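K.L.:
The structure under discussion is supplied below as structure tokens; questions concerning it will follow.
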Amino acid sequence: MSLISPFAGLRPVSERAADVIAPPYDVLNSDEARARARGRPWSFLHISKAEIDLPEGTDPYAPEVYARAADNLHRMLDAGVLVRDAQPCYYAYRLKMGEHSQTGLVAAASVGAYDTNRIRRHEFTRPAKEDDRVRQIEALNAQTGPVLLACRSDPAVNEMLARVTEAAPEVDLVADDGIGHSLWVVSDRTLVDDITRRFDAMPALYIADGHHRSAAASRVAAGRGLQGDAGSFLTVIFPHDQMLILDYNRVVRDLHGLSPENFLAGVSERFGLSPSASAVSPDGTGSFGMYLPGQWYTLQIGDGRIPDDPVGRLDVSLLADNLLAPLLGIDDPRRDPRIDFVGGIRGLQELERRVDSGEMAVAFSMYPTRMEDLMAVADAGEVMPPKSTWFEPKLADGLVSLVID
């Protein structure tokens, strides 16, 4: 069983790529997607968020949404906006956000490797979200939302991708959100075979983002009786040391009946606590920022409170186990409506805004989870707490899709 394989990608013709590509389906709500696609008939949002072409208020999980997505895909095929490569290829994909750049490989990953945990996960999935992706794949007969994977950095793979990207890219554009997307086609059979063999030598790949898409692909393959190399799913694989994880911060609606003074006293029993004259962006693990109305604090957990296990020592676990649960009564961050999560891309000013507005009582700024910690959790067969990672920049939907033959 090959860990990855090349495939004949379905992608926009080069001159239409800027008109087609769109943010991932799950980072925009329906209203945002409708506004983003306005005046853009070839936007992939007409496929990934097809409810935007139906009356406002349409349930995004309604059968007619998936049917409209399939109609829109066929419309783009008939118009020659999307074409399929004639032979199986790999694709080198470079993302740029400001000064950050990362170069990875677009490939079909083995469902069998996913099912046997060689492609490793670190999150639970929710049945409703899995069902949505299954219906989308079945309606389109294609996988259009790539799963973000990580591999442990390999010099040979990096050198192969460096050789590919010396040539001019097939696609080279900056999307309307400022993210750069470049794509190279890898069709040389010798290089394709070398890439396949090099990845086959790796013990594992790691899901960074896309657990529901991976699980849905496995269900579709099982439903169609596809086994071994016959079942695959769309992925983009980056070396772990090139990937960028931002902080994933927390805001809480109330102090669980505590006065601010009593709350601070409880915090100081578990953390080193000191006021700060400016917003606190933690500079290492075990350190946190905390914002109460008009005042930032630096929190530092004691070494004696950091366990050895790969999940317990995560900063998101340390905050949950030592503050959110015992002081604020949030025992299940996955379901408790009193807590919300704010991606670091929004900045610390968003934490201040939500507290100062009275919407929330307290905010916590986090140090970003490290890729090494994510892989350690996955290797241990454990699950990370919810909202542990926020990856940037985001992959584009529509740049390359995988047709299920």
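Letters A, B, ... mark the chains of the structure tokens in the order given; residue numbers begin at 1 per chain; ligand numbers begin at 1, in order shown.
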Could you produce a table of the residues of segment 177-224 of chain A lying within 10 Å of segment 148-157 of chain A, with the nearest pair of atoms per residue and their separation in Å rounded to one decimal, using only C-alpha atoms, ordered by chain and increasing residue number, as a tab-separated table?
P.N.:
residue	atom	partner	partner_atom	distance
A:Asp194	CA	A:Val157	CA	9.2
A:Ile195	CA	A:Val157	CA	7.0
A:Arg198	CA	A:Val157	CA	7.1
A:Phe199	CA	A:Val157	CA	8.1
A:Met202	CA	A:Cys151	CA	8.1
A:Pro203	CA	A:Cys151	CA	9.5
A:Ala204	CA	A:Cys151	CA	7.3
A:Leu205	CA	A:Cys151	CA	5.1
A:Tyr206	CA	A:Ala150	CA	5.1
A:Ile207	CA	A:Leu149	CA	4.6
A:Ala208	CA	A:Leu149	CA	5.3
A:Asp209	CA	A:Leu148	CA	5.0
A:Gly210	CA	A:Leu148	CA	6.2
A:His211	CA	A:Leu148	CA	9.1
A:Arg213	CA	A:Leu148	CA	9.9
A:Ser214	CA	A:Leu148	CA	9.8
K.L.:
Assign secondary structure with DSSP using the backbone only, and return the residues of segment 63-289 of chain A in alpha helix (DSSP H) as number ranges by chain.
P.N.:
A: 63-78, 111-115, 127-140, 155-164, 189-200, 211-223, 260-270
K.L.:
Store the residues picked out above, limited to C-alpha atoms, as a short mmCIF file (atom, residue, chain, number, x, y, z; two decimals), in the first residue's frame.
P.N.:
data_model
loop_
_atom_site.label_atom_id
_atom_site.label_comp_id
_atom_site.auth_asym_id
_atom_site.auth_seq_id
_atom_site.Cartn_x
_atom_site.Cartn_y
_atom_site.Cartn_z
CA PRO A 63 -30.29 18.10 -0.38
CA GLU A 64 -30.78 20.89 -2.91
CA VAL A 65 -27.49 22.49 -1.78
CA TYR A 66 -25.47 19.43 -2.75
CA ALA A 67 -27.39 19.15 -6.02
CA ARG A 68 -26.67 22.80 -6.82
CA ALA A 69 -22.96 22.24 -6.02
CA ALA A 70 -22.88 19.42 -8.58
CA ASP A 71 -24.67 21.59 -11.16
CA ASN A 72 -22.17 24.39 -10.60
CA LEU A 73 -19.24 22.02 -10.96
CA HIS A 74 -20.59 20.71 -14.29
CA ARG A 75 -21.20 24.29 -15.46
CA MET A 76 -17.56 25.14 -14.83
CA LEU A 77 -16.44 21.99 -16.63
CA ASP A 78 -18.69 22.68 -19.62
CA VAL A 111 -7.43 5.81 2.83
CA GLY A 112 -5.96 2.50 3.95
CA ALA A 113 -3.09 4.34 5.62
CA TYR A 114 -5.63 6.59 7.35
CA ASP A 115 -7.71 3.61 8.50
CA PRO A 127 -21.06 13.05 12.99
CA ALA A 128 -23.04 15.95 11.49
CA LYS A 129 -19.92 17.51 9.97
CA GLU A 130 -18.74 14.13 8.67
CA ASP A 131 -22.16 13.54 7.10
CA ASP A 132 -21.96 16.91 5.36
CA ARG A 133 -18.61 16.10 3.76
CA VAL A 134 -19.80 12.62 2.73
CA ARG A 135 -22.82 14.13 0.95
CA GLN A 136 -20.60 16.73 -0.75
CA ILE A 137 -18.15 14.12 -2.03
CA GLU A 138 -20.93 11.84 -3.23
CA ALA A 139 -22.77 14.66 -5.00
CA LEU A 140 -19.66 15.90 -6.81
CA PRO A 155 15.96 16.75 3.26
CA ALA A 156 15.43 14.57 0.21
CA VAL A 157 11.80 15.65 -0.18
CA ASN A 158 12.76 19.28 0.37
CA GLU A 159 15.43 18.99 -2.33
CA MET A 160 12.96 17.45 -4.80
CA LEU A 161 10.47 20.25 -4.25
CA ALA A 162 13.23 22.84 -4.54
CA ARG A 163 14.15 21.44 -7.96
CA VAL A 164 10.53 21.54 -9.13
CA ARG A 189 7.72 9.98 -14.24
CA THR A 190 11.12 9.44 -12.67
CA LEU A 191 10.60 12.28 -10.21
CA VAL A 192 7.03 11.15 -9.50
CA ASP A 193 8.28 7.65 -8.66
CA ASP A 194 11.10 9.06 -6.51
CA ILE A 195 8.62 11.18 -4.51
CA THR A 196 6.32 8.17 -4.01
CA ARG A 197 9.20 6.01 -2.75
CA ARG A 198 10.50 8.71 -0.42
CA PHE A 199 7.12 9.17 1.23
CA ASP A 200 6.60 5.40 1.43
CA HIS A 211 -10.23 15.59 10.26
CA HIS A 212 -13.82 15.64 9.00
CA ARG A 213 -12.74 15.57 5.36
CA SER A 214 -10.42 12.62 6.06
CA ALA A 215 -13.10 10.67 7.93
CA ALA A 216 -15.65 11.40 5.20
CA ALA A 217 -13.26 10.15 2.49
CA SER A 218 -12.78 6.92 4.44
CA ARG A 219 -16.54 6.45 4.70
CA VAL A 220 -17.06 7.09 0.98
CA ALA A 221 -14.29 4.62 0.08
CA ALA A 222 -15.80 1.97 2.36
CA GLY A 223 -19.25 2.57 0.91
CA PRO A 260 -12.67 40.02 40.34
CA GLU A 261 -10.70 40.12 43.59
CA ASN A 262 -11.56 36.54 44.54
CA PHE A 263 -10.93 35.38 41.01
CA LEU A 264 -7.44 36.94 41.00
CA ALA A 265 -6.72 35.38 44.38
CA GLY A 266 -7.63 31.95 42.98
CA VAL A 267 -5.47 32.48 39.91
CA SER A 268 -2.48 33.50 42.05
CA GLU A 269 -2.68 30.17 43.94
CA ARG A 270 -1.94 28.30 40.70
#
K.L.:
Find the residues near Gln143 of chain A: any atom within 7 Å, counting only C-alpha atoms, skip ones fewer than 6 places away on the same chain, and give them as a VMD selection string.
P.N.:
chain A and resid 137 233 to 234 401 to 403
K.L.:
For a quick check of understanding, using only C-alpha atoms, which of A:Phe7, A:Ser274, A:Ile179, A:Ser30 has the smallest distance to Glu99 of chain A?
P.N.:
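Of A:Phe7, A:Ser274, A:Ile179, A:Ser30, the one nearest Glu99 of chain A, counting only C-alpha atoms, is A:Ile179.
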K.L.:
Would you pick out the contacts of Asp332 of chain A at 10 Å or less, using only C-alpha atoms, so that residues sharing its chain but fewer than 5 positions from it are not included, and give the list as a PyMOL selection string?
P.N.:
chain A and resi 320+324-325+337+339+385-386
K.L.:
Find the residues near segment 359-364 of chain A: any atom within 6 Å, counting only C-alpha atoms, skip ones fewer than 5 places away on the same chain, and give them as JSON, numbers by chain.
P.N.:
{"A": [249, 250, 251, 252, 253, 254, 289, 290, 291, 292, 351, 354]}
K.L.:
Output N, CA and C atoms of each residue in that selection to a file, as a PDB file, in the first residue's frame.
P.N.:
ATOM      1  N   ASN A 249      -6.794  31.746  21.066  1.00  0.00           N
ATOM      2  CA  ASN A 249      -7.048  32.348  22.371  1.00  0.00           C
ATOM      3  C   ASN A 249      -8.455  32.047  22.880  1.00  0.00           C
ATOM      4  N   ARG A 250      -8.684  32.328  24.159  1.00  0.00           N
ATOM      5  CA  ARG A 250      -9.937  31.994  24.821  1.00  0.00           C
ATOM      6  C   ARG A 250     -10.575  33.234  25.432  1.00  0.00           C
ATOM      7  N   VAL A 251     -11.903  33.314  25.378  1.00  0.00           N
ATOM      8  CA  VAL A 251     -12.666  34.339  26.087  1.00  0.00           C
ATOM      9  C   VAL A 251     -13.799  33.642  26.831  1.00  0.00           C
ATOM     10  N   VAL A 252     -14.087  34.136  28.044  1.00  0.00           N
ATOM     11  CA  VAL A 252     -15.100  33.502  28.905  1.00  0.00           C
ATOM     12  C   VAL A 252     -16.117  34.553  29.318  1.00  0.00           C
ATOM     13  N   ARG A 253     -17.372  34.149  29.314  1.00  0.00           N
ATOM     14  CA  ARG A 253     -18.487  35.089  29.468  1.00  0.00           C
ATOM     15  C   ARG A 253     -18.621  35.660  30.873  1.00  0.00           C
ATOM     16  N   ASP A 254     -18.286  34.889  31.919  1.00  0.00           N
ATOM     17  CA  ASP A 254     -18.452  35.378  33.288  1.00  0.00           C
ATOM     18  C   ASP A 254     -17.392  34.747  34.180  1.00  0.00           C
ATOM     19  N   GLY A 289      -1.279  35.179  28.799  1.00  0.00           N
ATOM     20  CA  GLY A 289      -1.775  36.516  29.068  1.00  0.00           C
ATOM     21  C   GLY A 289      -3.208  36.424  29.553  1.00  0.00           C
ATOM     22  N   MET A 290      -3.615  37.313  30.422  1.00  0.00           N
ATOM     23  CA  MET A 290      -4.997  37.351  30.899  1.00  0.00           C
ATOM     24  C   MET A 290      -5.464  38.802  30.909  1.00  0.00           C
ATOM     25  N   TYR A 291      -6.665  39.023  30.392  1.00  0.00           N
ATOM     26  CA  TYR A 291      -7.192  40.381  30.324  1.00  0.00           C
ATOM     27  C   TYR A 291      -8.532  40.455  31.035  1.00  0.00           C
ATOM     28  N   LEU A 292      -8.586  41.288  32.057  1.00  0.00           N
ATOM     29  CA  LEU A 292      -9.824  41.715  32.701  1.00  0.00           C
ATOM     30  C   LEU A 292     -10.081  43.152  32.257  1.00  0.00           C
ATOM     31  N   LEU A 351      -9.397  40.464  21.687  1.00  0.00           N
ATOM     32  CA  LEU A 351      -9.677  40.029  23.057  1.00  0.00           C
ATOM     33  C   LEU A 351     -10.103  41.221  23.901  1.00  0.00           C
ATOM     34  N   ARG A 354     -13.731  42.358  23.060  1.00  0.00           N
ATOM     35  CA  ARG A 354     -14.827  41.517  23.525  1.00  0.00           C
ATOM     36  C   ARG A 354     -15.014  41.604  25.038  1.00  0.00           C
TER      37      ARG A 354
END
K.L.:
Measuring atom to atom with only C-alpha atoms, identify which of A:Asp247, A:Asp336, A:Glu392, A:Glu123 is nearest to Gly180 of chain A.
P.N.:
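Closest to Gly180 of chain A, using only C-alpha atoms: A:Glu392.
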K.L.:
Please identify all polymer residues within 8 Å of Ile245 of chain A, counting only C-alpha atoms, omitting same-chain residues fewer than 2 positions from it, and present them as a PyMOL selection string.
P.N.:
chain A and resi 243+247+368-371+389-392
K.L.:
Go ahead and write the residues just picked, C-alpha atoms, as a PDB file, in the first residue's frame.
P.N.:
ATOM      1  CA  MET A 243       4.182  25.119   9.066  1.00  0.00           C
ATOM      2  CA  ASP A 247      -2.208  31.276  18.982  1.00  0.00           C
ATOM      3  CA  PRO A 368       0.936  28.696  19.939  1.00  0.00           C
ATOM      4  CA  THR A 369       0.947  24.911  20.081  1.00  0.00           C
ATOM      5  CA  ARG A 370       4.116  23.517  18.495  1.00  0.00           C
ATOM      6  CA  MET A 371       4.055  21.030  15.622  1.00  0.00           C
ATOM      7  CA  THR A 389      -4.272  24.861  16.781  1.00  0.00           C
ATOM      8  CA  TRP A 390      -4.894  27.672  14.301  1.00  0.00           C
ATOM      9  CA  PHE A 391      -2.963  27.127  11.084  1.00  0.00           C
ATOM     10  CA  GLU A 392      -2.122  29.973   8.739  1.00  0.00           C
TER      11      GLU A 392
END
K.L.:
What parts of segment 282-341 of chain A does DSSP call strand (DSSP E or B)? I'd like the answer as number ranges by chain.
P.N.:
A: 287-292, 295-301, 339-341
K.L.:
Tell me which of A:Thr125, A:Ser110, A:Thr144, A:Thr165 sits closest to Asp397 of chain A, counting only C-alpha atoms.
P.N.:
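For Asp397 of chain A, the nearest of the given residues is A:Thr144.
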